[in-house]
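Visitor: One structure is given below, represented as structure tokens, and several questions about it will come after.
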Amino acid sequence: VFVEDQKILIKNGIPGQKVRFMIQKKRSGRAQGRILEVMEKSPLETREPVCSNFPACGGCMYQTMSYEDQLHMKETQIRELLEEALIQGGQIDENGNAAFEWEGIHGSPIEFGYRNKMEFSFGDEVKDGPLSLGMHKRGSFHDIVTVDGCRIVDEDYSKILRGVLDFFTEHQVPFYHKMSHVGYLRHLLVRKAVKTGEILIDLVTTTQPIEGADIKELLSEMAATICALELSLIHI
């Protein structure tokens, strides 16, 4: 958008939206803004969100657009970035001829369930709230939204996420607090092989002890809990 001839880049905005925003950064003749409220939807938003975590989760912010419109928007953005870089590098002449051949954006044949690796964070969605496991809340560095219905991965990821979260919630294992540097649980990494269906699960923790618990015994119990889920082959 332009405000008094000043170009402002607004993250996660959709062309045609009417928004209320605040400027976060301003330097070298550019400014970057953050959306505070979407006052009017864009004409491009033609479908309902496909994920129950929208818009709290910070990912997949364009899912109310058709996939074709998403591709068109990304193509416009990428081409503008390339042309700007070439102009700065002196590789576009005075007639606007660029030293590259644009072949366009090629869409994926799979719109959902395409990720084969995800890293989920432990935390809480609100301060001192119950344990959560998932992705960062939109616009937040600390708050975590549980995303066991995430659409960019298949159902195995959701089953593992929910199984691990329920297990550590039941055993009251604390997550690692970035400010106080106290706690045990940090991340859960899940990777699934496309061809074989094998699943790798990696629990990332601190070395701090858990009060009243034998860590080796606890992790063995967690592994048994996950192996009892109806999943593909697993290596833990």
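Going by the structure tokens order, chains are called A, B, ..., each with residues numbered from 1, while ligands are numbered from 1 in the order shown.
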Tell me which protein, DNA and RNA residues are within 12 Å of A:Lys26, counting only C-alpha atoms, leaving out same-chain ones fewer than 3 positions away, and put them as JSON, numbers by chain.

Guide: {"A": [6, 7, 8, 9, 22, 23, 29, 30, 31, 32, 33]}

Visitor: Could you name the residues that touch stretch 116-133 of chain A at 9 Å or less, counting only C-alpha atoms, but leaving out those on the same chain fewer than 5 positions away, as a PyMOL selection string?

Guide: chain A and resi 142-148+153-154+157+161-162+164-165+168-169+172-177+185-194

Visitor: Where in stretch 68-180 of chain A does DSSP assign alpha helix (DSSP H), given as a PyMOL selection string?

Guide: chain A and resi 68-88+155-170

Visitor: Would you mind listing what lies within 12 Å of A:Ala228 as a ChimeraX atom specification, with only C-alpha atoms counted and same-chain residues fewer than 6 positions away left out?

Guide: /A:159-160,163-164,221-222,234

Visitor: Within 12 Å of A:Gln63, counting only C-alpha atoms, which residues qualify if same-chain residues fewer than 6 places away don't, as a list in words?

Guide: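 Returned residues: Asn12, Ile14, Leu44, Glu45, Thr46, Arg47, Glu48, Pro49, Val50, Cys51, Ser52, Asn53, Phe54, Pro55, Asp69, Gln70, Leu71, Glu111, Phe112, Arg151 and Ile152 of chain A.
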
Visitor: Quick one: write out the picked residues with N, CA and C atoms as a PDB file, in the first residue's frame?

Guide:
ATOM      1  N   ASN A  12       1.347 -10.669   5.213  1.00  0.00           N
ATOM      2  CA  ASN A  12       0.136 -11.497   5.253  1.00  0.00           C
ATOM      3  C   ASN A  12      -1.120 -10.782   4.756  1.00  0.00           C
ATOM      4  N   ILE A  14      -3.732  -9.471   1.808  1.00  0.00           N
ATOM      5  CA  ILE A  14      -4.235  -9.988   0.531  1.00  0.00           C
ATOM      6  C   ILE A  14      -4.710  -8.807  -0.301  1.00  0.00           C
ATOM      7  N   LEU A  44     -10.848 -11.567  -3.552  1.00  0.00           N
ATOM      8  CA  LEU A  44     -10.141 -12.813  -3.853  1.00  0.00           C
ATOM      9  C   LEU A  44     -10.416 -13.896  -2.808  1.00  0.00           C
ATOM     10  N   GLU A  45     -10.963 -13.519  -1.668  1.00  0.00           N
ATOM     11  CA  GLU A  45     -11.236 -14.494  -0.611  1.00  0.00           C
ATOM     12  C   GLU A  45     -12.585 -15.147  -0.887  1.00  0.00           C
ATOM     13  N   THR A  46     -12.528 -16.202  -1.652  1.00  0.00           N
ATOM     14  CA  THR A  46     -13.751 -16.824  -2.164  1.00  0.00           C
ATOM     15  C   THR A  46     -14.110 -18.140  -1.484  1.00  0.00           C
ATOM     16  N   ARG A  47     -13.333 -18.564  -0.519  1.00  0.00           N
ATOM     17  CA  ARG A  47     -13.668 -19.825   0.142  1.00  0.00           C
ATOM     18  C   ARG A  47     -13.435 -19.712   1.642  1.00  0.00           C
ATOM     19  N   GLU A  48     -14.082 -20.607   2.386  1.00  0.00           N
ATOM     20  CA  GLU A  48     -13.928 -20.629   3.834  1.00  0.00           C
ATOM     21  C   GLU A  48     -12.584 -21.258   4.201  1.00  0.00           C
ATOM     22  N   PRO A  49     -12.028 -20.914   5.364  1.00  0.00           N
ATOM     23  CA  PRO A  49     -10.765 -21.534   5.786  1.00  0.00           C
ATOM     24  C   PRO A  49     -10.896 -23.052   5.842  1.00  0.00           C
ATOM     25  N   VAL A  50      -9.867 -23.745   5.389  1.00  0.00           N
ATOM     26  CA  VAL A  50      -9.909 -25.207   5.369  1.00  0.00           C
ATOM     27  C   VAL A  50      -9.326 -25.803   6.645  1.00  0.00           C
ATOM     28  N   CYS A  51      -8.725 -24.947   7.501  1.00  0.00           N
ATOM     29  CA  CYS A  51      -8.084 -25.420   8.726  1.00  0.00           C
ATOM     30  C   CYS A  51      -8.771 -24.797   9.935  1.00  0.00           C
ATOM     31  N   SER A  52      -9.030 -25.595  10.948  1.00  0.00           N
ATOM     32  CA  SER A  52      -9.711 -25.113  12.154  1.00  0.00           C
ATOM     33  C   SER A  52      -8.821 -24.190  12.984  1.00  0.00           C
ATOM     34  N   ASN A  53      -7.514 -24.178  12.707  1.00  0.00           N
ATOM     35  CA  ASN A  53      -6.585 -23.340  13.465  1.00  0.00           C
ATOM     36  C   ASN A  53      -6.426 -21.939  12.873  1.00  0.00           C
ATOM     37  N   PHE A  54      -7.066 -21.673  11.753  1.00  0.00           N
ATOM     38  CA  PHE A  54      -6.998 -20.370  11.101  1.00  0.00           C
ATOM     39  C   PHE A  54      -7.933 -19.383  11.808  1.00  0.00           C
ATOM     40  N   PRO A  55      -7.537 -18.139  12.084  1.00  0.00           N
ATOM     41  CA  PRO A  55      -6.244 -17.523  11.750  1.00  0.00           C
ATOM     42  C   PRO A  55      -5.278 -17.455  12.925  1.00  0.00           C
ATOM     43  N   ASP A  69      -5.457 -18.335  -7.404  1.00  0.00           N
ATOM     44  CA  ASP A  69      -5.210 -16.934  -7.042  1.00  0.00           C
ATOM     45  C   ASP A  69      -3.967 -16.797  -6.167  1.00  0.00           C
ATOM     46  N   GLN A  70      -3.715 -17.801  -5.329  1.00  0.00           N
ATOM     47  CA  GLN A  70      -2.488 -17.780  -4.534  1.00  0.00           C
ATOM     48  C   GLN A  70      -1.255 -17.813  -5.443  1.00  0.00           C
ATOM     49  N   LEU A  71      -1.294 -18.664  -6.441  1.00  0.00           N
ATOM     50  CA  LEU A  71      -0.176 -18.761  -7.386  1.00  0.00           C
ATOM     51  C   LEU A  71       0.035 -17.449  -8.123  1.00  0.00           C
ATOM     52  N   GLU A 111      -2.217 -29.769  -3.028  1.00  0.00           N
ATOM     53  CA  GLU A 111      -2.381 -28.529  -2.265  1.00  0.00           C
ATOM     54  C   GLU A 111      -2.291 -28.759  -0.765  1.00  0.00           C
ATOM     55  N   PHE A 112      -2.737 -29.923  -0.291  1.00  0.00           N
ATOM     56  CA  PHE A 112      -2.724 -30.214   1.139  1.00  0.00           C
ATOM     57  C   PHE A 112      -1.978 -31.520   1.409  1.00  0.00           C
ATOM     58  N   ARG A 151      -3.495 -28.918   8.095  1.00  0.00           N
ATOM     59  CA  ARG A 151      -3.825 -29.484   6.786  1.00  0.00           C
ATOM     60  C   ARG A 151      -2.635 -29.654   5.848  1.00  0.00           C
ATOM     61  N   ILE A 152      -1.477 -29.118   6.215  1.00  0.00           N
ATOM     62  CA  ILE A 152      -0.345 -29.273   5.293  1.00  0.00           C
ATOM     63  C   ILE A 152       0.409 -30.581   5.535  1.00  0.00           C
TER      64      ILE A 152
END

Visitor: Rank nothing, just name the residue among A:Pro209, A:Gly59, A:Gly13, A:Gly149 nearest to A:Val38, using only C-alpha atoms.

Guide: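 So, comparing all the options, the nearest one is A:Gly13.
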
Visitor: May I ask for the distance between atom CA of A:Cys57 and atom CA of A:Arg27, given in Å to one decimal place?

Guide: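 Computed distance, atom CA of A:Cys57 to atom CA of A:Arg27, equals 28.7 Å.
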
Visitor: Please compute the atom CA of A:Gln208-atom CA of A:Ser180 distance, one decimal, in Å.

Guide: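 According to the coordinates, atom CA of A:Gln208 and atom CA of A:Ser180 are separated by 12.9 Å.
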
Visitor: Can you tell me how far atom CA of A:Glu40 sits from atom CA of A:Lys18, in Å to one decimal?

Guide: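 Atom CA of A:Lys18 lies 4.9 Å from atom CA of A:Glu40.
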
Visitor: Let me make sure I understand: among A:Arg138, A:Lys216, A:His72, A:His171, which one has the smallest atom-to-atom distance to A:Leu36 if we use only C-alpha atoms?

Guide: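 Among the listed residues, A:Arg138 lies closest to A:Leu36.
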
Visitor: Name the residues of stretch 50-161 of chain A that fall into strand (DSSP E or B) according to DSSP on the backbone, using the chain letters and numbers of this document, as a VMD selection string.

Guide: chain A and resid 57 65 92 98 117 to 124 131 to 137 144 to 146
